[in-house]
Every structure is written in C-alpha cells, then in structure tokens.
>>> print(open('data.txt').read())   # compact mmCIF, C-alpha atoms and all ligand atoms
# COMPACT_ATOMS: atom_id res chain seq x y z
CA MET F 677 -0.23 44.36 -9.45
CA GLU F 678 2.44 42.78 -11.61
CA LEU F 679 1.32 40.70 -14.58
CA PHE F 680 2.53 37.47 -12.99
CA GLU F 681 0.55 38.25 -9.84
CA ARG F 682 -2.61 38.80 -11.86
CA VAL F 683 -1.97 35.59 -13.77
CA ASP F 684 -1.51 33.74 -10.49
CA GLN F 685 -4.84 35.13 -9.29
CA TYR F 686 -6.48 33.82 -12.47
CA LEU F 687 -4.89 30.39 -12.07
CA VAL F 688 -5.82 30.20 -8.40
CA ASP F 689 -9.39 31.15 -9.30
CA CYS F 690 -9.42 28.30 -11.83
CA TYR F 691 -7.71 25.59 -9.84
CA VAL F 692 -7.75 26.29 -6.12
CA PRO F 693 -11.33 26.93 -5.13
CA SER F 694 -11.83 28.93 -1.99
CA ASP F 695 -11.71 26.69 1.03
CA ALA F 696 -12.83 27.88 4.46
CA ARG F 697 -10.03 26.10 6.24
CA LEU F 698 -7.29 27.51 3.99
CA GLU F 699 -8.73 31.01 4.22
CA ALA F 700 -9.00 30.77 8.00
CA ALA F 701 -5.40 29.57 8.23
CA LEU F 702 -4.17 32.54 6.20
CA ALA F 703 -6.22 34.97 8.27
CA ALA F 704 -5.02 33.49 11.57
CA SER F 705 -1.40 33.51 10.39
CA LYS F 706 -1.67 37.15 9.38
CA ALA F 707 -3.43 38.12 12.61
CA ALA F 708 -0.66 36.46 14.61
CA GLY F 709 1.96 38.45 12.70
CA LEU F 710 3.62 35.46 11.03
CA PRO F 711 5.83 36.26 8.03
CA GLU F 712 3.85 35.90 4.81
CA ALA F 713 6.23 33.21 3.58
CA GLN F 714 3.70 30.42 3.14
CA VAL F 715 3.46 28.79 -0.27
CA ALA F 716 1.04 30.24 -2.81
CA PRO F 717 -2.29 28.39 -3.10
CA ASN F 718 -1.39 26.91 -6.50
CA GLN F 719 1.98 25.78 -5.10
CA GLY F 720 0.19 24.17 -2.16
CA LYS F 721 -2.08 22.37 -4.59
CA LEU F 722 0.99 21.10 -6.44
CA LEU F 723 2.25 19.62 -3.16
CA GLU F 724 -1.09 17.89 -2.69
CA ILE F 725 -1.02 16.48 -6.22
CA LEU F 726 2.57 15.29 -5.94
CA ALA F 727 1.91 13.60 -2.60
CA ARG F 728 -1.22 11.94 -3.97
CA SER F 729 0.56 10.90 -7.16
CA ILE F 730 2.89 8.64 -5.21
CA GLY F 731 0.25 7.58 -2.68
CA ALA F 732 2.39 9.01 0.10
CA GLN F 733 1.59 7.35 3.41
CA ARG F 734 4.28 9.01 5.51
CA ILE F 735 4.97 12.68 4.89
CA LEU F 736 7.61 14.83 6.56
CA GLU F 737 7.60 18.62 6.36
CA ILE F 738 10.51 20.72 7.60
CA GLY F 739 9.25 24.25 8.30
CA THR F 740 5.60 24.49 9.37
CA LEU F 741 5.12 28.23 9.80
CA GLY F 742 1.33 28.51 10.23
CA GLY F 743 0.60 25.13 8.67
CA TYR F 744 -0.72 26.41 5.33
CA SER F 745 1.31 24.03 3.16
CA THR F 746 0.62 21.34 5.77
CA LEU F 747 -3.11 21.67 5.03
CA PHE F 748 -2.46 20.76 1.40
CA LEU F 749 -0.24 17.83 2.40
CA ALA F 750 -2.96 16.62 4.75
CA ARG F 751 -5.36 16.54 1.80
CA ALA F 752 -3.31 13.63 0.47
CA ARG F 753 -4.63 11.69 3.49
CA PRO F 754 -1.30 10.21 4.57
CA ARG F 755 -1.23 7.76 7.47
CA GLN F 756 1.31 10.02 9.17
CA LEU F 757 2.19 13.67 8.65
CA ILE F 758 5.00 15.09 10.77
CA THR F 759 5.88 18.77 10.52
CA CYS F 760 8.82 20.50 12.22
CA GLU F 761 8.72 24.10 13.44
CA LEU F 762 11.41 26.02 15.30
CA GLN F 763 9.26 28.80 16.74
CA PRO F 764 6.76 27.86 19.48
CA ALA F 765 4.60 30.87 18.55
CA HIS F 766 4.37 29.70 14.92
CA ALA F 767 3.63 26.15 16.04
CA GLU F 768 0.77 27.44 18.22
CA VAL F 769 -0.83 29.08 15.21
CA ALA F 770 -0.30 25.91 13.18
CA ARG F 771 -1.81 23.77 15.94
CA SER F 772 -5.00 25.77 15.73
CA ASN F 773 -4.99 25.84 11.90
CA LEU F 774 -4.46 22.07 11.72
CA ALA F 775 -6.81 21.08 14.55
CA GLY F 776 -8.47 17.71 14.09
CA LEU F 777 -6.34 16.61 11.14
CA GLY F 778 -4.01 14.36 13.12
CA VAL F 779 -0.88 16.28 12.13
CA ASP F 780 2.12 15.69 14.39
CA ILE F 781 3.76 19.08 15.01
CA ARG F 782 7.28 18.87 16.45
CA VAL F 783 8.50 22.10 18.02
CA GLY F 784 12.20 22.93 18.22
CA PRO F 785 15.23 23.01 15.95
CA ALA F 786 14.44 20.67 13.05
CA LEU F 787 17.94 19.20 13.13
CA ASP F 788 17.22 17.98 16.69
CA THR F 789 13.81 16.59 15.74
CA LEU F 790 15.13 14.88 12.60
CA ALA F 791 17.67 12.96 14.70
CA THR F 792 14.77 11.41 16.64
CA LEU F 793 12.75 10.23 13.61
CA SER F 794 12.68 6.84 11.96
CA GLY F 795 12.13 6.54 8.25
CA PRO F 796 11.20 5.87 5.70
CA PHE F 797 9.06 8.79 4.62
CA ASP F 798 7.51 8.71 1.16
CA PHE F 799 7.39 12.46 0.66
CA ILE F 800 9.59 15.15 2.23
CA PHE F 801 9.03 18.90 1.85
CA ILE F 802 11.80 21.26 2.98
CA ASP F 803 10.71 24.88 3.54
CA ALA F 804 12.51 26.12 6.65
CA ASP F 805 15.57 28.30 7.30
CA LYS F 806 17.69 28.20 4.18
CA LEU F 807 21.07 28.16 5.91
CA ASN F 808 20.54 24.56 7.05
CA ASN F 809 19.28 23.29 3.69
CA VAL F 810 22.29 21.04 3.06
CA GLU F 811 21.75 19.35 6.41
CA TYR F 812 18.02 19.03 5.79
CA VAL F 813 18.68 17.38 2.43
CA ARG F 814 21.19 15.02 4.06
CA TRP F 815 18.53 14.06 6.61
CA ALA F 816 15.96 13.62 3.87
CA ILE F 817 18.24 11.08 2.20
CA ARG F 818 18.69 9.24 5.52
CA LEU F 819 14.94 9.20 6.18
CA ALA F 820 13.97 8.11 2.67
CA ARG F 821 13.23 4.91 0.81
CA PRO F 822 14.16 4.35 -2.83
CA GLY F 823 11.65 6.55 -4.69
CA THR F 824 10.94 9.07 -1.95
CA LEU F 825 9.95 12.40 -3.44
CA LEU F 826 11.86 15.40 -2.09
CA ILE F 827 10.69 18.97 -2.68
CA VAL F 828 12.58 22.09 -1.57
CA ASP F 829 11.00 25.56 -1.63
CA ASN F 830 12.71 28.88 -2.38
CA VAL F 831 15.66 27.59 -4.37
CA VAL F 832 16.04 30.67 -6.62
CA ARG F 833 15.60 33.67 -4.29
CA LYS F 834 14.80 36.31 -6.94
CA GLY F 835 17.76 35.02 -8.94
CA ALA F 836 20.23 35.89 -6.18
CA ILE F 837 21.53 32.31 -6.18
CA ILE F 838 23.72 33.00 -9.19
CA ASP F 839 25.59 35.69 -7.23
CA ASP F 840 28.62 33.93 -5.81
CA ALA F 841 29.56 37.10 -3.90
CA SER F 842 26.28 37.23 -1.97
CA VAL F 843 26.63 37.37 1.80
CA ASP F 844 22.89 36.85 2.39
CA ALA F 845 22.75 33.76 4.61
CA ALA F 846 19.69 32.39 2.80
CA VAL F 847 21.40 32.79 -0.57
CA VAL F 848 24.61 31.22 0.69
CA GLY F 849 22.65 28.31 2.18
CA THR F 850 20.70 27.80 -1.01
CA ARG F 851 23.84 27.90 -3.18
CA GLN F 852 25.51 25.38 -0.88
CA MET F 853 22.46 23.14 -1.26
CA HIS F 854 22.55 23.31 -5.07
CA GLU F 855 26.28 22.59 -5.07
CA TYR F 856 25.77 19.67 -2.71
CA ILE F 857 22.88 18.16 -4.66
CA ALA F 858 24.70 18.64 -7.97
CA GLN F 859 27.34 16.17 -6.80
CA GLU F 860 25.05 13.87 -4.79
CA PRO F 861 24.68 10.62 -6.76
CA ARG F 862 21.88 9.32 -4.52
CA LEU F 863 19.41 11.91 -5.85
CA THR F 864 17.85 12.48 -9.25
CA ALA F 865 17.09 16.19 -9.07
CA THR F 866 15.92 19.16 -11.07
CA ALA F 867 14.91 22.71 -10.23
CA LEU F 868 12.45 25.10 -11.80
CA GLN F 869 12.06 28.85 -11.52
CA THR F 870 8.63 30.08 -10.54
CA VAL F 871 6.96 33.48 -10.79
CA GLY F 872 3.66 34.39 -9.25
CA SER F 873 2.14 35.88 -6.15
CA LYS F 874 5.32 34.99 -4.26
CA GLY F 875 7.60 36.77 -6.71
CA HIS F 876 10.51 35.12 -8.52
CA ASP F 877 11.67 31.97 -6.80
CA GLY F 878 11.86 28.26 -7.50
CA LEU F 879 11.21 24.69 -6.49
CA LEU F 880 13.61 21.79 -6.41
CA VAL F 881 12.13 18.37 -7.13
CA ALA F 882 14.13 15.20 -6.53
CA ILE F 883 13.77 11.48 -6.19
CA VAL F 884 15.91 9.69 -3.65
CA ASP F 885 17.38 6.73 -5.51
CA SER F 886 19.59 5.39 -2.76
CA PRO F 887 18.75 6.31 0.81
CA GLY F 888 21.33 6.21 3.52
C1 LIG B 901 11.39 33.12 3.01
C2 LIG B 901 11.17 31.82 3.37
C3 LIG B 901 10.26 31.06 2.67
O1 LIG B 901 10.05 29.76 2.98
C4 LIG B 901 9.55 31.60 1.62
O2 LIG B 901 8.69 30.78 0.95
C5 LIG B 901 9.75 32.90 1.25
C6 LIG B 901 10.67 33.68 1.95
C7 LIG B 901 12.38 33.91 3.75
O3 LIG B 901 12.89 33.42 4.74
O4 LIG B 901 12.66 35.02 3.34
MG MG B 902 9.06 28.74 1.42
>>> encode(input="data.txt", output="structure tokens", more="lines below")
Ligand code: DHB
Ligand code: MG
Amino acid sequence: MELFERVDQYLVDCYVPSDARLEAALAASKAAGLPEAQVAPNQGKLLEILARSIGAQRILEIGTLGGYSTLFLARARPRQLITCELQPAHAEVARSNLAGLGVDIRVGPALDTLATLSGPFDFIFIDADKLNNVEYVRWAIRLARPGTLLIVDNVVRKGAIIDDASVDAAVVGTRQMHEYIAQEPRLTATALQTVGSKGHDGLLVAIVDSPG
C-alpha cells in the first residue's frame, strides 16, 4: 500500500468510526458491481462537516452512485436532500442504501432533473460525469442563494488537468470547468489537491456570491 493510503487508513481510523450503515452501503455497492468511485470516508465526513457548518437545510447532490456520499450529507439532517443519478441500476442500490432517510433520488440525466428543480439550495455537491461539469456549475449558480456552498469532486484527475493536449473526456470537462469558474465573477472559488485512498485528485470549494 502506498504511504498516502496507509496515512488515509490511520486518519479514517481516528476520525471516521466504523458505521454499520456506511459499511453496508459499501458492501452493497461492491456486490452490485458499481464503480468504486465513491468518496473516501474522510472526504465524506468533510462533506458532513461543511454541510453542518452552514446549517444546510436544502442539499442537492449531482451524482448519487450508490449513495455513499449521500449518507454523509444526510447526517447533516437537512430538511430536504435531493440526489440525481443517471443510471437506474445505481439508483436502485442507492435506494436500498438510503432507505428510511427521506432522501429524494431523481433518476435520469441530471441536466433534465435540474431543469425541474426550484432553488435555493444551501449546499450543492457535484460528483457526476465530468464532461457536463460546466453545465452542472451553471445550474448550481441558478439554484443557489447568496452564500450557497458548492463542492465539486475530482477536479485534479491525477494531475492530468494541466495537460492541455489531453483527449480524455473527463479531463477535458474538468479543464473546461476550471476555465469557466476562473472567469465567473459570481463565485468565490478555490481548489485543493488531495491524496489518499482515492489516489491523487482534488476538491473544488466555492461560495456562490450572486445566484442567477
Ligand atoms: C471517477 C469519478 C468519480 O466521481 C470519482 O470520484 C473517481 C473517478 C471516474 O469517472 O473515473
Ligand atoms: Mg467523485
């Protein structure tokens, strides 16, 4: 195991105590053959802390997968938690993993679902297909209030985002998102690289100053 994976294990042991529901969600996701693209436990806990820190009452997640990150967002006890998933098979797994928590799972292309939603949301987490990230961020701004917290996962892609010759759709989509946000005056944004059990990647954190 790489050093940063062992360090992540240590940090998770310190800060993310084993939780039957989280463990069951991981096991069910694996058994169903879902890609192991869910956030790391310590990243999920960060989402919980950020959502709680702003007292988020309405949370929107774009990209449910098996609902692992959704479980952390639900821990913030929002009044409403909507999560969008393209794949019916993934949403089925999430439905089971999130049973009883009152999470509203919307199945279908997120861009279609987003067009049906009314804001404002207090907290928006984008973690879906990377090619549509610019459009997801545009929707996040439309569905925000001043002060909405916006988080985007996977914004570094093993460093591939600095390769302007990349033809990887996820890299191209992520670069387009950075270039868009860099010139978007309605957001106050930053991005951080992360290493850990999920390899070398990064998180974008932004506040929506002016929705619309
Ligand atoms: C991929 C997507 C993710 O959301 C993630 O956290 C890791 C990888 C992917 O599509 O490759
Ligand atoms: Mg992700």
>>> residues_near_point(input="data.txt", point="(24.6, 24.1, -4.9)", cutoff="12 Å", atoms="all atoms listed in the file", output="list in words")
Asn809, Val810, Val813, Val831, Val832, Ile837, Ile838, Asp839, Asp840, Val847, Val848, Gly849, Thr850, Arg851, Gln852, Met853, His854, Glu855, Tyr856, Ile857, Ala858, Gln859, Glu860, Ala865, Thr866, Ala867 and Leu880 of chain F
>>> residues_near_ligand(input="data.txt", ligand="ligand MG 902 (chain B)", cutoff="9 Å", atoms="all atoms listed in the file", output="list in words")
Ala713, Gln714, Val715, Gly739, Ile802, Asp803, Ala804, Asp805, Val828, Asp829, Asn830 and Val831 of chain F
>>> residues_around(input="data.txt", residues="Arg771 in chain F", least_positions_apart="5", cutoff="10 Å", atoms="all atoms listed in the file", output="JSON, numbers by chain")
{"F": [740, 742, 743, 765, 766, 776, 777, 779, 780, 781]}
>>> atom_distance(input="data.txt", atom1="CA of Ser745 in chain F", atom2="atom O2 of ligand LIG 901 (chain B)")
10.2 Å
>>> atom_distance(input="data.txt", atom1="CA of Gly795 in chain F", atom2="CA of Glu768 in chain F")
25.8 Å
